[in-house]
file model-v3.txt (compact mmCIF, C-alpha atoms (C1' of nucleotides))
# COMPACT_ATOMS: atom_id res chain seq x y z
CA MET A 1 -12.29 -32.33 2.90
CA ALA A 2 -14.20 -30.97 -0.02
CA ARG A 3 -12.05 -30.13 -3.01
CA VAL A 4 -12.04 -26.51 -4.02
CA GLY A 5 -10.84 -27.02 -7.58
CA LEU A 6 -7.54 -25.20 -7.62
CA SER A 7 -5.44 -24.89 -10.75
CA GLY A 8 -2.63 -22.74 -12.03
CA ALA A 9 -5.05 -20.67 -14.07
CA ARG A 10 -7.51 -20.14 -11.23
CA LEU A 11 -4.72 -19.12 -8.90
CA ALA A 12 -3.41 -16.63 -11.44
CA GLN A 13 -6.88 -15.17 -11.90
CA ALA A 14 -7.57 -14.93 -8.17
CA GLY A 15 -4.08 -13.55 -7.66
CA ALA A 16 -4.82 -10.81 -10.17
CA GLU A 17 -7.98 -9.86 -8.28
CA LEU A 18 -6.09 -9.91 -5.01
CA ALA A 19 -3.42 -7.68 -6.51
CA ASP A 20 -6.01 -5.08 -7.41
CA GLU A 21 -7.39 -5.16 -3.90
CA VAL A 22 -4.25 -5.10 -1.80
CA GLY A 23 -1.45 -4.22 -4.21
CA PHE A 24 0.75 -6.53 -6.25
CA GLU A 25 3.58 -6.44 -3.72
CA GLN A 26 1.25 -7.77 -1.03
CA VAL A 27 0.18 -10.76 -3.10
CA THR A 28 1.51 -13.76 -1.32
CA VAL A 29 1.02 -17.49 -1.55
CA SER A 30 -0.33 -17.44 1.99
CA ALA A 31 -2.86 -14.71 1.28
CA LEU A 32 -4.08 -16.55 -1.76
CA ALA A 33 -4.46 -19.77 0.23
CA ARG A 34 -6.49 -17.87 2.81
CA ARG A 35 -8.74 -16.56 0.06
CA PHE A 36 -9.51 -20.13 -1.07
CA ASP A 37 -9.77 -21.26 2.54
CA VAL A 38 -7.17 -23.88 1.94
CA GLN A 39 -3.82 -24.80 3.51
CA VAL A 40 -0.83 -22.93 2.14
CA ALA A 41 1.06 -26.02 1.10
CA SER A 42 -1.79 -27.02 -1.17
CA LEU A 43 -1.00 -24.23 -3.61
CA TYR A 44 2.45 -25.61 -4.25
CA SER A 45 1.02 -28.38 -6.38
CA HIS A 46 -0.23 -25.78 -8.84
CA VAL A 47 2.44 -23.15 -8.66
CA ARG A 48 6.19 -23.73 -8.51
CA ASN A 49 6.89 -20.95 -6.04
CA SER A 50 6.09 -17.37 -5.21
CA ASP A 51 7.88 -16.03 -8.28
CA ASP A 52 6.03 -18.43 -10.50
CA LEU A 53 2.74 -17.16 -9.10
CA LYS A 54 3.74 -13.57 -9.77
CA THR A 55 4.81 -14.36 -13.31
CA ARG A 56 1.45 -16.02 -13.95
CA ILE A 57 -0.37 -12.96 -12.65
CA ALA A 58 1.81 -10.77 -14.85
CA THR A 59 0.92 -12.93 -17.83
CA VAL A 60 -2.79 -12.61 -17.11
CA ALA A 61 -2.46 -8.83 -16.95
CA LEU A 62 -0.28 -8.56 -20.03
CA THR A 63 -2.69 -10.72 -22.00
CA GLU A 64 -5.81 -8.83 -20.92
CA LEU A 65 -4.12 -5.58 -21.78
CA ALA A 66 -3.06 -6.81 -25.20
CA ASP A 67 -6.58 -8.09 -25.88
CA GLN A 68 -8.12 -4.74 -25.03
CA ALA A 69 -5.53 -2.85 -27.04
CA SER A 70 -6.07 -5.12 -29.99
CA ALA A 71 -9.82 -4.52 -29.90
CA ALA A 72 -9.37 -0.78 -29.55
CA LEU A 73 -7.05 -0.60 -32.53
CA ALA A 74 -9.41 -2.30 -34.92
CA GLY A 75 -10.40 0.20 -37.60
CA ARG A 76 -8.30 3.05 -36.30
CA ALA A 77 -5.16 4.69 -37.62
CA GLY A 78 -2.92 7.67 -36.99
CA ALA A 79 -3.70 9.95 -34.07
CA ASP A 80 -6.90 8.03 -33.52
CA ALA A 81 -5.05 4.78 -33.02
CA LEU A 82 -2.41 6.42 -30.88
CA THR A 83 -4.84 7.87 -28.38
CA ALA A 84 -6.99 4.75 -28.36
CA MET A 85 -4.04 2.54 -27.52
CA ALA A 86 -2.64 4.93 -24.92
CA ASP A 87 -6.06 5.28 -23.33
CA VAL A 88 -6.39 1.53 -23.04
CA TYR A 89 -3.20 1.39 -21.04
CA ARG A 90 -4.08 4.31 -18.82
CA THR A 91 -7.63 3.16 -18.19
CA TYR A 92 -6.51 -0.35 -17.44
CA ALA A 93 -3.94 0.95 -14.98
CA HIS A 94 -6.58 3.00 -13.19
CA GLN A 95 -9.12 0.20 -13.09
CA HIS A 96 -6.61 -2.50 -12.22
CA PRO A 97 -3.62 -0.93 -10.48
CA GLY A 98 -2.44 -4.23 -9.05
CA ARG A 99 -2.62 -6.00 -12.39
CA TYR A 100 -0.88 -3.09 -14.10
CA THR A 101 1.98 -3.27 -11.62
CA ALA A 102 2.10 -7.00 -12.23
CA ALA A 103 2.33 -6.45 -15.98
CA ARG A 104 5.33 -4.21 -15.46
CA HIS A 105 6.99 -6.65 -13.08
CA THR A 106 10.03 -8.27 -14.63
CA PRO A 107 10.36 -11.82 -13.37
CA PRO A 108 13.88 -13.03 -12.56
CA ALA A 109 14.80 -15.55 -15.24
CA THR A 110 11.83 -15.49 -17.56
CA ASN A 111 11.26 -19.03 -18.73
CA SER A 112 7.54 -18.74 -19.33
CA ALA A 113 6.79 -18.86 -23.03
CA GLU A 114 3.34 -17.40 -22.45
CA TYR A 115 4.78 -14.41 -20.66
CA ILE A 116 7.26 -13.74 -23.45
CA ALA A 117 4.57 -14.11 -26.10
CA ALA A 118 2.35 -11.59 -24.35
CA GLY A 119 5.24 -9.15 -24.19
CA ARG A 120 5.86 -9.52 -27.89
CA ARG A 121 2.21 -8.83 -28.67
CA HIS A 122 2.53 -5.46 -26.99
CA SER A 123 5.49 -4.28 -29.01
CA GLU A 124 3.82 -5.46 -32.19
CA LEU A 125 0.70 -3.50 -31.35
CA TRP A 126 2.75 -0.36 -30.81
CA ARG A 127 4.46 -0.88 -34.14
CA ALA A 128 1.05 -1.22 -35.74
CA VAL A 129 0.05 2.14 -34.31
CA LEU A 130 3.13 3.68 -35.84
CA ARG A 131 2.26 2.42 -39.29
CA GLY A 132 0.05 5.48 -39.49
CA TYR A 133 3.11 7.72 -39.44
CA ASP A 134 5.47 6.60 -42.14
CA LEU A 135 8.77 6.37 -40.35
CA GLY A 136 11.83 4.45 -41.49
CA GLU A 137 14.39 2.79 -39.27
CA PRO A 138 15.76 3.64 -36.81
CA ALA A 139 13.11 6.32 -36.35
CA GLN A 140 10.37 3.78 -35.94
CA THR A 141 12.12 1.95 -33.12
CA ASP A 142 12.96 5.27 -31.49
CA ALA A 143 9.32 6.22 -31.73
CA VAL A 144 8.10 2.94 -30.24
CA ARG A 145 10.45 3.47 -27.35
CA LEU A 146 9.36 7.05 -26.90
CA ILE A 147 5.66 6.28 -26.87
CA GLY A 148 6.13 3.32 -24.60
CA SER A 149 8.14 5.46 -22.21
CA VAL A 150 5.60 8.25 -22.16
CA VAL A 151 2.65 5.98 -21.55
CA HIS A 152 4.35 3.83 -18.96
CA GLY A 153 6.02 6.78 -17.27
CA TYR A 154 2.88 8.90 -17.15
CA VAL A 155 0.67 6.17 -15.81
CA THR A 156 3.22 5.13 -13.21
CA LEU A 157 3.85 8.63 -11.94
CA GLU A 158 0.15 9.44 -11.97
CA LEU A 159 -0.70 6.30 -10.00
CA ALA A 160 2.09 7.06 -7.56
CA GLY A 161 0.49 10.44 -6.95
CA SER A 162 3.38 12.46 -8.34
CA PHE A 163 1.00 14.66 -10.32
CA SER A 164 -1.32 15.41 -7.42
CA TYR A 165 0.59 18.42 -6.15
CA SER A 166 0.04 20.73 -9.09
CA ALA A 167 -2.84 21.95 -11.21
CA PRO A 168 -4.33 21.08 -13.64
CA ASP A 169 -5.74 17.64 -12.94
CA SER A 170 -3.57 14.92 -14.43
CA ALA A 171 -6.52 13.77 -16.52
CA ASP A 172 -6.40 17.10 -18.37
CA SER A 173 -2.72 16.96 -19.26
CA TRP A 174 -3.08 13.52 -20.75
CA PRO A 175 -4.95 14.34 -24.00
CA ARG A 176 -2.78 17.39 -24.58
CA ILE A 177 0.34 15.32 -24.19
CA LEU A 178 -0.97 12.72 -26.61
CA ASP A 179 -1.79 15.49 -29.02
CA ALA A 180 1.73 16.86 -28.77
CA LEU A 181 3.11 13.37 -29.32
CA ASP A 182 1.01 13.02 -32.46
CA THR A 183 2.42 16.28 -33.77
CA LEU A 184 5.91 15.14 -32.97
CA LEU A 185 5.43 11.84 -34.79
CA ARG A 186 4.01 13.51 -37.85
CA THR A 187 7.05 15.75 -38.15
CA TRP A 188 9.70 13.28 -37.00
CA SER A 189 12.80 13.80 -39.09
CA ARG A 190 11.13 16.14 -41.52
CA PRO A 191 12.18 19.76 -41.92
CA MET B 1 30.74 -6.05 22.51
CA ALA B 2 32.49 -3.37 20.55
CA ARG B 3 30.12 -0.69 19.35
CA VAL B 4 29.85 -0.35 15.64
CA GLY B 5 28.48 3.17 15.59
CA LEU B 6 25.08 2.73 14.01
CA SER B 7 22.77 5.63 13.30
CA GLY B 8 19.80 6.35 11.08
CA ALA B 9 22.03 8.08 8.54
CA ARG B 10 24.62 5.30 8.40
CA LEU B 11 21.92 2.70 7.99
CA ALA B 12 20.36 4.67 5.16
CA GLN B 13 23.73 5.01 3.45
CA ALA B 14 24.62 1.35 3.87
CA GLY B 15 21.11 0.42 2.79
CA ALA B 16 21.60 2.40 -0.41
CA GLU B 17 24.80 0.52 -1.15
CA LEU B 18 23.12 -2.77 -0.40
CA ALA B 19 20.25 -1.84 -2.73
CA ASP B 20 22.69 -1.32 -5.59
CA GLU B 21 24.27 -4.69 -4.94
CA VAL B 22 21.24 -6.92 -4.43
CA GLY B 23 18.29 -4.83 -5.59
CA PHE B 24 16.06 -2.53 -3.60
CA GLU B 25 13.40 -5.17 -3.04
CA GLN B 26 15.95 -7.44 -1.37
CA VAL B 27 17.02 -4.80 1.12
CA THR B 28 15.94 -6.09 4.46
CA VAL B 29 16.56 -5.13 8.06
CA SER B 30 18.12 -8.54 8.56
CA ALA B 31 20.48 -8.22 5.61
CA LEU B 32 21.59 -4.82 6.82
CA ALA B 33 22.23 -6.16 10.33
CA ARG B 34 24.33 -8.94 8.83
CA ARG B 35 26.36 -6.38 6.93
CA PHE B 36 27.20 -4.56 10.17
CA ASP B 37 27.72 -7.89 11.94
CA VAL B 38 25.18 -6.96 14.53
CA GLN B 39 21.98 -8.48 15.88
CA VAL B 40 18.85 -7.64 13.95
CA ALA B 41 17.02 -6.14 16.90
CA SER B 42 19.78 -3.57 17.33
CA LEU B 43 18.73 -1.75 14.18
CA TYR B 44 15.31 -1.03 15.57
CA SER B 45 16.74 1.67 17.84
CA HIS B 46 17.75 3.64 14.77
CA VAL B 47 14.97 2.85 12.35
CA ARG B 48 11.28 2.61 13.16
CA ASN B 49 10.60 -0.36 10.92
CA SER B 50 11.29 -1.78 7.50
CA ASP B 51 9.27 0.91 5.73
CA ASP B 52 11.09 3.62 7.59
CA LEU B 53 14.38 2.17 6.42
CA LYS B 54 13.19 2.12 2.84
CA THR B 55 11.96 5.69 3.01
CA ARG B 56 15.35 6.78 4.36
CA ILE B 57 17.10 5.03 1.48
CA ALA B 58 14.71 6.68 -0.95
CA THR B 59 15.53 10.05 0.57
CA VAL B 60 19.26 9.45 0.19
CA ALA B 61 18.77 8.59 -3.47
CA LEU B 62 16.39 11.47 -4.19
CA THR B 63 18.80 13.90 -2.57
CA GLU B 64 21.89 12.63 -4.39
CA LEU B 65 20.00 12.79 -7.65
CA ALA B 66 18.82 16.35 -7.01
CA ASP B 67 22.35 17.39 -6.07
CA GLN B 68 23.77 16.01 -9.28
CA ALA B 69 21.01 17.52 -11.38
CA SER B 70 21.48 20.85 -9.72
CA ALA B 71 25.20 20.82 -10.47
CA ALA B 72 24.62 19.75 -14.06
CA LEU B 73 22.13 22.54 -14.68
CA ALA B 74 24.45 25.32 -13.58
CA GLY B 75 25.18 27.54 -16.56
CA ARG B 76 23.03 25.63 -19.00
CA ALA B 77 19.75 26.48 -20.69
CA GLY B 78 17.42 25.21 -23.39
CA ALA B 79 18.25 21.95 -25.12
CA ASP B 80 21.57 21.89 -23.31
CA ALA B 81 19.88 21.94 -19.92
CA LEU B 82 17.28 19.41 -21.01
CA THR B 83 19.78 16.78 -22.10
CA ALA B 84 22.06 17.45 -19.13
CA MET B 85 19.25 16.91 -16.67
CA ALA B 86 17.89 13.86 -18.46
CA ASP B 87 21.38 12.38 -18.68
CA VAL B 88 21.90 12.81 -14.96
CA TYR B 89 18.82 10.72 -14.29
CA ARG B 90 19.70 8.04 -16.80
CA THR B 91 23.33 7.79 -15.74
CA TYR B 92 22.40 7.66 -12.09
CA ALA B 93 19.91 4.90 -12.77
CA HIS B 94 22.56 2.87 -14.60
CA GLN B 95 25.22 3.40 -11.98
CA HIS B 96 22.88 2.94 -9.03
CA PRO B 97 19.93 0.80 -10.08
CA GLY B 98 18.99 -0.03 -6.52
CA ARG B 99 19.05 3.59 -5.41
CA TYR B 100 17.09 4.63 -8.49
CA THR B 101 14.40 2.10 -7.69
CA ALA B 102 14.39 3.38 -4.15
CA ALA B 103 13.93 6.95 -5.36
CA ARG B 104 10.87 5.86 -7.32
CA HIS B 105 9.45 3.92 -4.38
CA THR B 106 6.41 5.61 -2.91
CA PRO B 107 6.30 5.00 0.81
CA PRO B 108 2.90 4.28 2.34
CA ALA B 109 1.94 7.36 4.35
CA THR B 110 4.80 9.73 3.71
CA ASN B 111 5.43 11.58 6.94
CA SER B 112 9.10 12.30 6.37
CA ALA B 113 9.65 16.01 5.76
CA GLU B 114 13.07 15.30 4.26
CA TYR B 115 11.58 12.93 1.72
CA ILE B 116 8.93 15.43 0.68
CA ALA B 117 11.48 18.23 0.40
CA ALA B 118 13.68 16.13 -1.86
CA GLY B 119 10.71 15.39 -4.08
CA ARG B 120 9.90 19.07 -4.35
CA ARG B 121 13.47 19.87 -5.37
CA HIS B 122 13.09 17.58 -8.35
CA SER B 123 9.98 19.21 -9.73
CA GLU B 124 11.52 22.64 -9.25
CA LEU B 125 14.59 21.58 -11.19
CA TRP B 126 12.46 20.38 -14.06
CA ARG B 127 10.59 23.67 -14.08
CA ALA B 128 13.92 25.45 -14.22
CA VAL B 129 14.85 23.45 -17.31
CA LEU B 130 11.63 24.56 -18.95
CA ARG B 131 12.39 28.22 -18.40
CA GLY B 132 14.45 27.90 -21.56
CA TYR B 133 11.28 27.33 -23.56
CA ASP B 134 8.81 30.06 -22.84
CA LEU B 135 5.61 28.21 -22.11
CA GLY B 136 2.61 29.57 -20.28
CA GLU B 137 0.24 27.60 -18.12
CA PRO B 138 -1.03 24.94 -18.39
CA ALA B 139 1.50 24.11 -21.10
CA GLN B 140 4.38 24.30 -18.66
CA THR B 141 2.85 21.81 -16.27
CA ASP B 142 1.95 19.55 -19.18
CA ALA B 143 5.54 19.76 -20.35
CA VAL B 144 6.97 18.97 -16.91
CA ARG B 145 4.76 15.92 -16.77
CA LEU B 146 5.70 14.87 -20.27
CA ILE B 147 9.44 15.15 -19.69
CA GLY B 148 9.23 13.45 -16.33
CA SER B 149 7.25 10.62 -17.88
CA VAL B 150 9.66 10.16 -20.76
CA VAL B 151 12.76 10.12 -18.58
CA HIS B 152 11.30 7.90 -15.91
CA GLY B 153 9.60 5.62 -18.38
CA TYR B 154 12.63 5.23 -20.63
CA VAL B 155 15.03 4.54 -17.81
CA THR B 156 12.68 2.08 -16.17
CA LEU B 157 11.96 0.14 -19.34
CA GLU B 158 15.62 0.17 -20.33
CA LEU B 159 16.71 -1.14 -16.93
CA ALA B 160 14.01 -3.79 -17.08
CA GLY B 161 15.49 -4.97 -20.37
CA SER B 162 12.44 -4.11 -22.45
CA PHE B 163 14.60 -2.47 -25.11
CA SER B 164 17.05 -5.35 -25.43
CA TYR B 165 15.08 -7.22 -28.04
CA SER B 166 15.36 -4.76 -30.89
CA ALA B 167 18.07 -2.79 -32.63
CA PRO B 168 19.47 -0.17 -32.30
CA ASP B 169 21.07 -0.15 -28.88
CA SER B 170 18.93 1.73 -26.38
CA ALA B 171 21.83 4.12 -25.78
CA ASP B 172 21.46 5.30 -29.39
CA SER B 173 17.75 6.03 -29.23
CA TRP B 174 18.18 8.16 -26.12
CA PRO B 175 19.84 11.27 -27.63
CA ARG B 176 17.52 11.17 -30.63
CA ILE B 177 14.50 11.05 -28.35
CA LEU B 178 15.80 13.97 -26.30
CA ASP B 179 16.37 15.85 -29.52
CA ALA B 180 12.81 15.21 -30.63
CA LEU B 181 11.55 16.34 -27.25
CA ASP B 182 13.50 19.56 -27.59
CA THR B 183 11.90 20.20 -30.94
CA LEU B 184 8.50 19.47 -29.49
CA LEU B 185 9.02 21.88 -26.61
CA ARG B 186 10.21 24.65 -28.90
CA THR B 187 7.07 24.42 -30.98
CA TRP B 188 4.58 23.61 -28.20
CA SER B 189 1.35 25.44 -28.89
CA ARG B 190 2.73 27.45 -31.74
CA PRO B 191 1.51 27.18 -35.33
C1' DC C 1 -16.46 -51.97 -8.31
C1' DG C 2 -11.64 -51.82 -7.49
C1' DA C 3 -7.15 -49.42 -8.77
C1' DT C 4 -4.76 -45.44 -9.73
C1' DT C 5 -4.16 -40.81 -9.95
C1' DT C 6 -4.29 -36.46 -7.89
C1' DG C 7 -5.99 -32.82 -4.66
C1' DC C 8 -5.63 -31.13 -0.29
C1' DC C 9 -3.80 -32.03 4.46
C1' DT C 10 -0.39 -32.16 8.52
C1' DA C 11 4.22 -31.42 9.96
C1' DA C 12 8.38 -29.08 10.06
C1' DA C 13 12.47 -26.21 9.01
C1' DG C 14 14.25 -21.70 7.70
C1' DC C 15 14.14 -16.76 7.24
C1' DC C 16 12.16 -12.02 8.16
C1' DT C 17 9.83 -8.54 11.36
C1' DT C 18 9.02 -6.50 15.52
C1' DT C 19 8.65 -5.93 20.66
C1' DA C 20 10.33 -6.41 25.53
C1' DG C 21 13.64 -6.22 28.65
C1' DG C 22 18.73 -6.71 30.03
C1' DT C 23 23.82 -5.60 30.13
C1' DA C 24 27.77 -3.27 28.79
C1' DT C 25 29.96 0.88 27.11
C1' DC C 26 30.38 5.71 26.43
C1' DT C 27 29.98 10.61 28.11
C1' DA C 28 29.79 14.29 31.04
C1' DC C 29 30.07 16.39 35.09
C1' DA C 30 31.64 16.83 39.94
C1' DT D 1 39.44 10.95 37.87
C1' DG D 2 35.58 8.51 39.39
C1' DT D 3 30.89 7.76 38.85
C1' DA D 4 25.86 8.51 37.28
C1' DG D 5 23.12 8.58 33.55
C1' DA D 6 22.30 7.83 28.77
C1' DT D 7 22.56 4.85 25.13
C1' DA D 8 24.26 1.08 22.01
C1' DC D 9 23.86 -3.49 21.35
C1' DC D 10 22.30 -8.11 23.14
C1' DT D 11 19.12 -12.24 24.22
C1' DA D 12 14.59 -14.03 23.97
C1' DA D 13 10.34 -14.73 21.96
C1' DA D 14 6.08 -14.46 19.14
C1' DG D 15 4.05 -14.27 14.61
C1' DG D 16 4.10 -14.45 9.49
C1' DC D 17 5.68 -16.15 4.84
C1' DT D 18 8.09 -19.87 1.94
C1' DT D 19 8.99 -24.29 0.74
C1' DT D 20 9.59 -29.45 1.11
C1' DA D 21 8.15 -34.19 2.58
C1' DG D 22 5.01 -37.51 3.25
C1' DG D 23 -0.08 -39.06 4.06
C1' DC D 24 -5.19 -39.71 3.43
C1' DA D 25 -9.30 -39.13 0.84
C1' DA D 26 -11.81 -38.05 -3.31
C1' DA D 27 -12.30 -38.25 -8.21
C1' DT D 28 -11.59 -41.00 -12.40
C1' DC D 29 -11.04 -44.82 -15.35
C1' DG D 30 -10.88 -49.66 -16.74

call {"tool": "encode", "arguments": {"input": "model-v3.txt", "output": "structure tokens"}}
result
Amino acid sequence: MARVGLSGARLAQAGAELADEVGFEQVTVSALARRFDVQVASLYSHVRNSDDLKTRIATVALTELADQASAALAGRAGADALTAMADVYRTYAHQHPGRYTAARHTPPATNSAEYIAAGRRHSELWRAVLRGYDLGEPAQTDAVRLIGSVVHGYVTLELAGSFSYSAPDSADSWPRILDALDTLLRTWSRP
Amino acid sequence: MARVGLSGARLAQAGAELADEVGFEQVTVSALARRFDVQVASLYSHVRNSDDLKTRIATVALTELADQASAALAGRAGADALTAMADVYRTYAHQHPGRYTAARHTPPATNSAEYIAAGRRHSELWRAVLRGYDLGEPAQTDAVRLIGSVVHGYVTLELAGSFSYSAPDSADSWPRILDALDTLLRTWSRP
DNA sequence: CGATTTGCCTAAAGCCTTTAGGTATCTACA
DNA sequence: TGTAGATACCTAAAGGCTTTAGGCAAATCG
């Protein structure tokens, strides 16, 4: 009966890896137990329930993503910052599709402070990007919502294969779309 | 043993209603059987398995959405067509959150011709909207992808509650964002 | 070195999926 | 109108996931 050394954090980390391998929806307490070669019930000392596990995985993903975005934004502004931030999201989604899905997963009744904090970091980072385009309110909030929608929407549709039926390759549209967005932001509410 | 009159179509329809009530993820063969007051196994004569059921529900949603979009586009062009089409999506998502989620659900191994046809209708409708802005290739494909991303992304984030933490109301940003998109499309690749 | 905490285990109940095979009801044709 | 065939729904059963309850052994601390 050797102890494996489980903990909430280790389960979240392993769950994130599992999500990338088999898809976030397929991440299950049972599958995770199998991966640690441990009885299922044992995980319930470290995780409240299946939803709790998923929220922890989402928090891991959200935090990693915010860390990468934060690093990418250092020393950049304007169009440079915009594309850097957007690229971080898209690259992360491609490298870690399960984690990305997790990050976008809204837990029912969010009572995890960590999860909420990670979410807030993201919106603050987007606002930082927009400092490069001097927008007042409500234009700035509109712009944050627009950029967030484009990035999330594009990555989601691309990952779902919705862009695979037409030329050009979806990787080619991406920089052109970011470029168009930059133009739009620079001229937002200006004649 | 009165017969209820099950069929693939009725199950898909009832499944769509159930999705709106309890969420697409909670739609289960068992729950649907309960709703018809019938034994679970009975549904398996009409539906291959759980995934098949979900794909049928997705097809119902995709088709309804295409029908509404098609009707809304009749006699409209340019910015008028753009906002009409986008509004159809957003309104549908608000009125039928479960169905909207279903429509966005990518089935593993899509072998349903109906599902594929419905998907194609959507991209053709978007291309029709863009006829109002004379764009060549690849700009037109880029634009279809951009608009699709914005609409899908916005609606998804809004439904997930991501826009509930900041003013103004997400309903107010929407028309301004569509307006900005219209401007962007009118000046796409033009000095 | 003994006591306490805690990590992982066995057991069990409940719900969901899916298949196999049976009975009752509808339909269509003589 | 009666009956043969098709078909709609049923019972039974196996396997998987979730979650709770209670127990033994390993780590930790005085």

call {"tool": "interface_residues", "arguments": {"input": "model-v3.txt", "of": "chain A", "to": "chain B", "cutoff": "6 Å", "atoms": "all atoms listed in the file", "output": "number ranges by chain"}}
result
A: 142, 149-150, 152-154, 173

call {"tool": "residues_around", "arguments": {"input": "model-v3.txt", "residues": "Leu6 of chain A", "least_positions_apart": "4", "cutoff": "12 Å", "atoms": "all atoms listed in the file", "output": "PyMOL selection string"}}
result
(chain A and resi 2+10-14+32-33+35-39+42-47) or (chain C and resi 6-8)

call {"tool": "interface_residues", "arguments": {"input": "model-v3.txt", "of": "chain D", "to": "chain A", "cutoff": "9 Å", "atoms": "only C-alpha atoms (C1' of nucleotides)", "output": "PDB file with C-alpha atoms (C1' of nucleotides), keeping the file's coordinate frame"}}
result
ATOM      1  C1'  DC D  17       5.680 -16.150   4.840  1.00  0.00           C
ATOM      2  C1'  DT D  18       8.090 -19.870   1.940  1.00  0.00           C
ATOM      3  C1'  DT D  19       8.990 -24.290   0.740  1.00  0.00           C
ATOM      4  C1'  DA D  25      -9.300 -39.130   0.840  1.00  0.00           C
ATOM      5  C1'  DA D  26     -11.810 -38.050  -3.310  1.00  0.00           C
TER       6       DA D  26
END

call {"tool": "atom_distance", "arguments": {"input": "model-v3.txt", "atom1": "atom CA of Ala118 of chain A", "atom2": "atom CA of Ala103 of chain B"}}
result
29.0 Å

call {"tool": "atom_distance", "arguments": {"input": "model-v3.txt", "atom1": "atom CA of Ala79 of chain B", "atom2": "atom CA of Asp179 of chain B"}}
result
7.8 Å

call {"tool": "atom_distance", "arguments": {"input": "model-v3.txt", "atom1": "atom CA of Thr110 of chain B", "atom2": "atom CA of Ala93 of chain A"}}
result
22.4 Å

call {"tool": "interface_residues", "arguments": {"input": "model-v3.txt", "of": "chain C", "to": "chain B", "cutoff": "12 Å", "atoms": "all atoms listed in the file", "output": "list in words"}}
result
DC15, DC16, DT17, DT18, DT19, DA20, DT23, DA24, DT25 and DC26 of chain C
